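Undergrad: Got a file for you: target31.cif, mmCIF, C-alpha atoms.
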data_target
loop_
_atom_site.label_atom_id
_atom_site.label_comp_id
_atom_site.auth_asym_id
_atom_site.auth_seq_id
_atom_site.Cartn_x
_atom_site.Cartn_y
_atom_site.Cartn_z
CA PHE A 845 0.00 0.00 0.00
CA LEU A 846 1.64 3.22 -1.20
CA HIS A 847 0.59 5.81 1.37
CA ILE A 848 0.49 9.39 0.09
CA PRO A 849 -0.11 11.82 2.99
CA ASN A 850 -3.46 13.59 3.32
CA THR A 851 -5.30 11.46 0.77
CA GLY A 852 -7.46 9.30 3.03
CA CYS A 853 -4.92 6.49 3.29
CA ARG A 854 -5.28 6.07 7.05
CA PHE A 855 -9.02 5.63 6.57
CA LEU A 856 -8.48 2.90 3.98
CA THR A 857 -5.88 1.22 6.19
CA LYS A 858 -8.01 1.24 9.36
CA TYR A 859 -11.33 0.13 7.88
CA ILE A 860 -10.38 -1.94 4.81
CA LEU A 861 -6.78 -3.15 4.71
CA ASP A 862 -6.04 -3.92 8.36
CA PRO A 863 -9.23 -5.99 8.83
CA LEU A 864 -8.31 -8.00 5.71
CA SER A 865 -4.73 -8.71 6.77
CA ASP A 866 -5.43 -12.03 8.53
CA THR A 867 -7.41 -13.43 5.60
CA LEU A 868 -4.71 -12.31 3.18
CA LYS A 869 -2.03 -13.92 5.33
CA GLU A 870 -3.98 -17.20 5.33
CA ASN A 871 -3.73 -17.05 1.54
CA ASP A 872 0.03 -16.39 1.62
CA ILE A 873 -0.41 -12.69 0.81
CA GLU A 874 1.52 -10.27 2.99
CA LEU A 875 0.06 -6.81 3.50
CA ILE A 876 2.88 -4.26 3.35
CA LYS A 877 1.77 -0.85 4.51
CA LEU A 878 4.14 1.89 3.42
CA PRO A 879 5.14 3.28 5.80
CA LYS A 880 4.30 1.96 9.29
CA ASN A 881 5.05 5.39 10.79
CA VAL A 882 2.70 7.99 9.27
CA LEU A 883 5.42 10.63 9.71
CA LYS A 884 7.72 8.75 7.33
CA HIS A 885 5.81 8.37 4.10
CA GLY A 886 7.68 5.75 2.16
CA GLY A 887 7.42 6.43 -1.56
CA TRP A 888 8.03 3.63 -4.11
CA HIS A 889 9.53 0.81 -2.08
CA GLN A 890 12.38 -1.28 -3.43
CA SER A 891 10.51 -4.50 -2.58
CA ILE A 892 7.84 -3.85 -5.24
CA ASP A 893 8.17 -6.40 -8.02
CA ASP A 894 5.99 -8.08 -10.66
CA ASN A 895 4.17 -10.07 -7.96
CA THR A 896 3.28 -7.05 -5.83
CA TYR A 897 -0.31 -5.80 -5.82
CA VAL A 898 -0.02 -2.03 -5.39
CA ILE A 899 -2.82 0.19 -4.03
CA SER A 900 -2.72 3.97 -3.73
CA ILE A 901 -5.02 7.00 -3.41
CA PHE A 902 -4.69 10.32 -5.24
CA ARG A 903 -6.49 13.55 -4.33
CA ASP A 904 -7.52 16.72 -6.10
CA PRO A 905 -4.41 18.93 -5.71
CA ALA A 906 -6.31 21.93 -4.32
CA GLU A 907 -8.01 19.79 -1.68
CA HIS A 908 -4.72 18.06 -0.95
CA PHE A 909 -2.78 21.28 -0.35
CA VAL A 910 -5.55 22.72 1.81
CA SER A 911 -5.52 19.52 3.87
CA ILE A 912 -1.75 19.80 4.37
CA ILE A 913 -2.15 23.39 5.61
CA ALA A 914 -5.04 22.52 7.94
CA HIS A 915 -3.18 19.58 9.48
CA MET A 916 -0.01 21.63 9.83
CA ILE A 917 -1.81 24.44 11.68
CA ALA A 918 -3.83 22.00 13.81
CA ASN A 919 -0.57 20.33 14.82
CA GLU A 920 1.09 23.68 15.61
CA GLN A 921 -1.83 24.53 17.89
CA GLY A 922 -1.72 21.17 19.69
CA LEU A 923 -4.97 19.89 18.23
CA MET A 924 -3.61 16.56 16.98
CA ASP A 925 -4.07 13.49 19.16
CA GLN A 926 -0.69 11.80 18.72
CA ASP A 927 -1.76 8.80 20.81
CA GLN A 928 -4.55 8.10 18.32
CA ASN A 929 -2.53 8.02 15.09
CA PHE A 930 -2.58 11.81 14.74
CA VAL A 931 -6.35 12.10 14.66
CA VAL A 932 -7.51 15.69 15.02
CA ASN A 933 -9.44 16.24 18.24
CA ASP A 934 -12.85 17.87 18.58
CA LYS A 935 -11.43 21.35 19.22
CA VAL A 936 -10.26 21.53 15.60
CA LYS A 937 -13.89 22.28 14.69
CA GLU A 938 -13.32 25.72 16.18
CA LEU A 939 -10.22 26.32 14.05
CA ASP A 940 -10.95 28.95 11.39
CA ILE A 941 -8.00 29.34 9.01
CA ASP A 942 -7.67 32.50 6.91
CA LYS A 943 -7.28 31.58 3.26
CA LYS A 944 -4.32 33.97 3.09
CA GLU A 945 -2.41 31.06 4.64
CA ILE A 946 -2.56 29.34 1.25
CA TYR A 947 -0.48 32.10 -0.32
CA ASN A 948 1.84 32.40 2.68
CA VAL A 949 2.49 28.67 2.99
CA MET A 950 2.92 28.05 -0.73
CA GLU A 951 6.31 29.80 -0.70
CA GLU A 952 7.34 28.01 2.49
CA LEU A 953 6.42 24.59 1.05
CA LYS A 954 7.47 25.20 -2.55
CA TYR A 955 9.50 21.98 -2.50
CA LEU A 956 6.19 20.09 -2.28
CA LYS A 957 5.34 21.01 -5.87
CA ASN A 958 3.54 17.99 -7.39
CA PHE A 959 4.20 16.10 -4.16
CA GLN A 960 1.65 13.38 -4.83
CA ALA A 961 3.45 12.47 -8.04
CA GLN A 962 6.76 12.54 -6.16
CA ASN A 963 5.55 9.59 -4.06
CA PHE A 964 5.76 7.39 -7.16
CA LEU A 965 9.31 8.51 -7.89
CA LEU A 966 11.16 8.90 -4.60
CA GLU A 967 12.28 5.76 -2.81
CA PRO A 968 12.77 5.12 0.92
CA ASN A 969 16.27 5.97 2.11
CA GLY A 970 15.86 6.06 5.88
CA GLU A 971 14.63 9.65 6.10
CA PRO A 972 11.09 11.07 5.86
CA LEU A 973 10.05 11.56 2.24
CA LEU A 974 9.44 15.26 2.92
CA HIS A 975 13.14 15.67 3.72
CA THR A 976 14.12 13.90 0.51
CA SER A 977 11.76 16.11 -1.47
CA ARG A 978 13.21 19.28 0.07
CA ARG A 979 16.78 18.17 -0.57
CA LEU A 980 16.12 17.37 -4.23
CA TYR A 981 14.36 20.70 -4.70
CA ASN A 982 17.29 22.57 -3.17
CA HIS A 983 19.66 20.77 -5.55
CA LYS A 984 17.35 21.64 -8.48
CA GLN A 985 17.07 18.02 -9.59
CA ASN A 986 14.44 17.31 -12.24
CA PHE A 987 11.86 14.55 -11.91
CA ASP A 988 11.63 11.63 -14.32
CA ILE A 989 8.10 12.13 -15.65
CA ASP A 990 8.13 8.91 -17.68
CA LEU A 991 9.12 6.85 -14.64
CA ILE A 992 6.33 8.42 -12.57
CA TYR A 993 3.76 7.58 -15.24
CA ASN A 994 5.10 4.05 -15.62
CA ARG A 995 4.80 3.43 -11.89
CA ILE A 996 1.31 4.89 -11.69
CA LYS A 997 0.23 2.67 -14.58
CA ARG A 998 1.92 -0.22 -12.80
CA THR A 999 -0.26 0.45 -9.71
CA ASN A 1000 -3.03 -2.15 -9.65
CA LEU A 1001 -5.62 -0.08 -7.81
CA MET A 1002 -5.50 3.71 -8.10
CA ILE A 1003 -8.37 5.33 -6.21
CA ARG A 1004 -9.49 8.94 -6.37
CA HIS A 1005 -10.04 10.42 -2.93
CA LYS A 1006 -13.51 11.64 -3.90
CA ASP A 1007 -14.50 8.09 -4.83
CA LEU A 1008 -13.16 6.76 -1.55
CA GLN A 1009 -15.52 9.16 0.22
CA SER A 1010 -18.65 8.16 -1.68
CA ILE A 1011 -18.41 4.61 -3.05
CA ASP A 1012 -20.22 1.48 -2.00
CA TYR A 1013 -17.32 -0.18 -0.18
CA SER A 1014 -18.51 -3.62 -1.17
CA LEU A 1015 -17.47 -2.69 -4.73
CA LEU A 1016 -13.97 -1.95 -3.50
CA LEU A 1017 -13.88 -5.21 -1.57
CA ASN A 1018 -15.06 -7.15 -4.61
CA LYS A 1019 -12.42 -5.47 -6.78
CA ILE A 1020 -9.57 -6.49 -4.45
CA SER A 1021 -11.04 -9.95 -3.97
CA LYS A 1022 -11.31 -10.57 -7.71
CA ASP A 1023 -7.84 -9.19 -8.47
CA LEU A 1024 -6.20 -11.36 -5.81
CA SER A 1025 -8.43 -14.41 -6.40
CA VAL A 1026 -9.24 -14.52 -2.69
CA ASP A 1027 -12.68 -14.65 -1.09
CA LEU A 1028 -12.76 -11.53 1.11
CA THR A 1029 -15.51 -10.52 3.52
CA LEU A 1030 -15.66 -7.52 5.80
CA ASP A 1031 -17.93 -6.08 8.48
CA LEU A 1032 -18.30 -2.41 7.57
CA SER A 1033 -20.77 -1.55 10.35
CA SER A 1034 -18.14 0.17 12.53
CA MET A 1035 -16.77 2.36 9.73
CA SER A 1036 -16.66 6.09 10.49
CA LYS A 1037 -15.93 8.54 7.68
CA ASP A 1038 -15.38 11.26 10.29
CA TYR A 1039 -12.70 9.48 12.36
CA PHE A 1040 -9.77 11.04 10.48
CA LYS A 1041 -11.66 14.08 9.20
CA ASN A 1042 -10.23 17.55 9.79
CA ALA A 1043 -13.19 19.93 9.88
CA ALA A 1044 -10.87 22.93 9.51
CA SER A 1045 -9.68 21.58 6.16
CA GLU A 1046 -13.19 21.40 4.75
CA LYS A 1047 -14.01 24.84 6.13
CA LEU A 1048 -10.92 26.35 4.52
CA PHE A 1049 -11.51 24.68 1.17
CA ASN A 1050 -15.07 26.03 1.04
CA LYS A 1051 -13.67 29.56 1.26
CA LEU A 1052 -11.68 29.20 -1.94
CA THR A 1053 -12.65 31.00 -5.12
CA ASP A 1054 -11.74 29.72 -8.57
CA ILE A 1055 -8.84 32.19 -8.52
CA ASP A 1056 -7.54 30.63 -5.30
CA LYS A 1057 -7.86 27.11 -6.68
CA ASN A 1058 -6.11 28.07 -9.91
CA PHE A 1059 -3.25 29.52 -7.88
CA ILE A 1060 -2.81 26.12 -6.22
CA TYR A 1061 -3.19 24.23 -9.50
CA GLN A 1062 -0.44 26.34 -11.07
CA ASN A 1063 1.93 24.98 -8.44
CA PHE A 1064 0.64 21.41 -8.72
CA ASN A 1065 0.10 21.23 -12.46
CA PHE A 1066 1.48 17.71 -12.90
CA ASP A 1067 -0.57 16.37 -9.99
CA LYS A 1068 -3.62 17.96 -11.63
CA GLU A 1069 -2.77 16.34 -14.98
CA ILE A 1070 -2.59 12.93 -13.31
CA TYR A 1071 -5.76 13.46 -11.28
CA GLU A 1072 -7.78 14.38 -14.37
CA ASP A 1073 -6.63 11.36 -16.42
CA ASN A 1074 -9.47 8.85 -16.04
CA SER A 1075 -7.42 6.09 -17.64
CA LEU A 1076 -5.15 5.97 -14.58
CA PHE A 1077 -7.89 5.35 -12.01
CA TRP A 1078 -10.28 2.61 -11.02
CA GLN A 1079 -13.82 3.49 -12.08
CA PRO A 1080 -16.19 2.10 -9.41
#
How does this structure look as structure tokens?
TA:
Amino acid sequence: FLHIPNTGCRFLTKYILDPLSDTLKENDIELIKLPKNVLKHGGWHQSIDDNTYVISIFRDPAEHFVSIIAHMIANEQGLMDQDQNFVVNDKVKELDIDKKEIYNVMEELKYLKNFQAQNFLLEPNGEPLLHTSRRLYNHKQNFDIDLIYNRIKRTNLMIRHKDLQSIDYSLLLNKISKDLSVDLTLDLSSMSKDYFKNAASEKLFNKLTDIDKNFIYQNFNFDKEIYEDNSLFWQP
């Protein structure tokens, strides 16, 4: 599982992948979650080979950047519950972020340009992927676009974040079950779409005008190109 930060990956892990791990193991399929520590997003792991079933989630770049800002500010203000896998606590509902932060933070985080795509290029090297991204940006190293596309096309199950929010999860379960030729069942009654939700992120995104969104897209143009290419994603 290739975990891109702020795309709903922890939701998928908690409610879909983790509950399936025992059944997969019984069928000699090891679930490798990349990474185990959510602070150290792993990128394209060296262990991926022709026999690896790769799952990942990709998000609209404007939503993704807003989510990064909201989580960053929530963390700075002590509103992240670190004992509960960095779930935002209830007080974050009171957090009202000025959309000027988007313009302020964009310069500060300029090394994150097309960061979702970077996750298919950069490989684990013992440091958090964010540090690798910053170092490569500072050294003005160009990204191999063809390699990124090849790895995305190699990914067996690419899910859009918006679909993860709205789909019938039995369709997702059936997709994985069919692809792996394993009979998978899951009790979805305890699923909570709000468990990892950051209300401040949604509130901030709803403030954005088309001008604001286009400003973000200009800095994440390759991520936007990928996100809008239907051929790269599972169509539930």
Undergrad: For each of A:Asn1042, A:Ser891, A:Ile899, A:Glu874, take the minimum atom-to-atom distance to Leu1016 in chain A, counting only C-alpha atoms, then give the residue where this is smallest.
TA: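 Residue with the minimum atom-to-atom distance to Leu1016 in chain A: A:Ile899.
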Undergrad: For this structure, which residues satisfy the selection - the PyMOL selection byres ((chain A and resi 941) around 10) - when it is evaluated on the file as given? I want them as a PyMOL selection string.
TA: chain A and resi 913-914+917-918+938-940+942-946+1044-1045+1047-1049+1051
Undergrad: How far is it from CA of Asn1058 in chain A to CA of Ala961 in chain A, in Å with one decimal?
TA: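 Between these atoms lies a distance of 18.4 Å.
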Undergrad: Can you translate the PyMOL selection byres ((chain A and resi 856) around 12) into the concrete residues it hits in this file, as a PyMOL selection string?
TA: chain A and resi 845-848+850-855+857-864+877+899-901+1003+1005+1007-1009+1013+1016-1017+1032+1035-1037+1039-1040
Undergrad: As a check of understanding, name the residues that the PyMOL selection byres ((chain A and resi 998) around 12) selects in the supplied structure, as a ChimeraX atom specification.
TA: /A:888,892-900,964,991-997,999-1002,1076-1077
Undergrad: Please produce an output containing C-alpha atoms for each residue in the selection, written as a compact mmCIF listing (two decimals), keeping the file's coordinate frame.
TA:
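The new file out.txt reads:
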# COMPACT_ATOMS: atom_id res chain seq x y z
CA TRP A 888 8.03 3.63 -4.11
CA ILE A 892 7.84 -3.85 -5.24
CA ASP A 893 8.17 -6.40 -8.02
CA ASP A 894 5.99 -8.08 -10.66
CA ASN A 895 4.17 -10.07 -7.96
CA THR A 896 3.28 -7.05 -5.83
CA TYR A 897 -0.31 -5.80 -5.82
CA VAL A 898 -0.02 -2.03 -5.39
CA ILE A 899 -2.82 0.19 -4.03
CA SER A 900 -2.72 3.97 -3.73
CA PHE A 964 5.76 7.39 -7.16
CA LEU A 991 9.12 6.85 -14.64
CA ILE A 992 6.33 8.42 -12.57
CA TYR A 993 3.76 7.58 -15.24
CA ASN A 994 5.10 4.05 -15.62
CA ARG A 995 4.80 3.43 -11.89
CA ILE A 996 1.31 4.89 -11.69
CA LYS A 997 0.23 2.67 -14.58
CA THR A 999 -0.26 0.45 -9.71
CA ASN A 1000 -3.03 -2.15 -9.65
CA LEU A 1001 -5.62 -0.08 -7.81
CA MET A 1002 -5.50 3.71 -8.10
CA LEU A 1076 -5.15 5.97 -14.58
CA PHE A 1077 -7.89 5.35 -12.01
Undergrad: May I have the residues within 12 Å of Phe1066 in chain A as a count of residues only, using only C-alpha atoms and disregarding those fewer than 2 positions away in the same chain?
TA: 25
Undergrad: Please report the interatomic distance between CA of Leu1024 in chain A and CA of Gly887 in chain A in Å with one decimal.
TA: 22.8 Å
Undergrad: Which residue gives the smallest distance to Ser1010 in chain A among A:Pro1080, A:Leu868, A:Asp1023, A:Asn1074, with only C-alpha atoms counted?
TA: A:Pro1080
Undergrad: Quote the spacing between CA of Leu1015 in chain A and CA of Trp1078 in chain A in Å to one decimal place.
TA: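 Pair CA of Leu1015 in chain A / CA of Trp1078 in chain A returns 10.9 Å.
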Undergrad: With distances taken over all atoms listed in the file, which of A:Gln921, A:Gln890, A:Ser1025, A:Asn948 is nearest to Leu965 in chain A?
TA: A:Gln890
Undergrad: Between A:Val1026, A:Ala906, A:Tyr955, A:Ser1075, single out the one closest to Leu974 in chain A, counting only C-alpha atoms.
TA: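 Among the listed residues, the smallest separation from Leu974 in chain A belongs to A:Tyr955.
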Undergrad: So which one's closest to Glu907 in chain A, A:Asp1031, A:Asp1056, A:Asp1012, A:Glu967? Using all atoms listed in the file, please.
TA: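 Selected residue with least distance to Glu907 in chain A: A:Asp1056.
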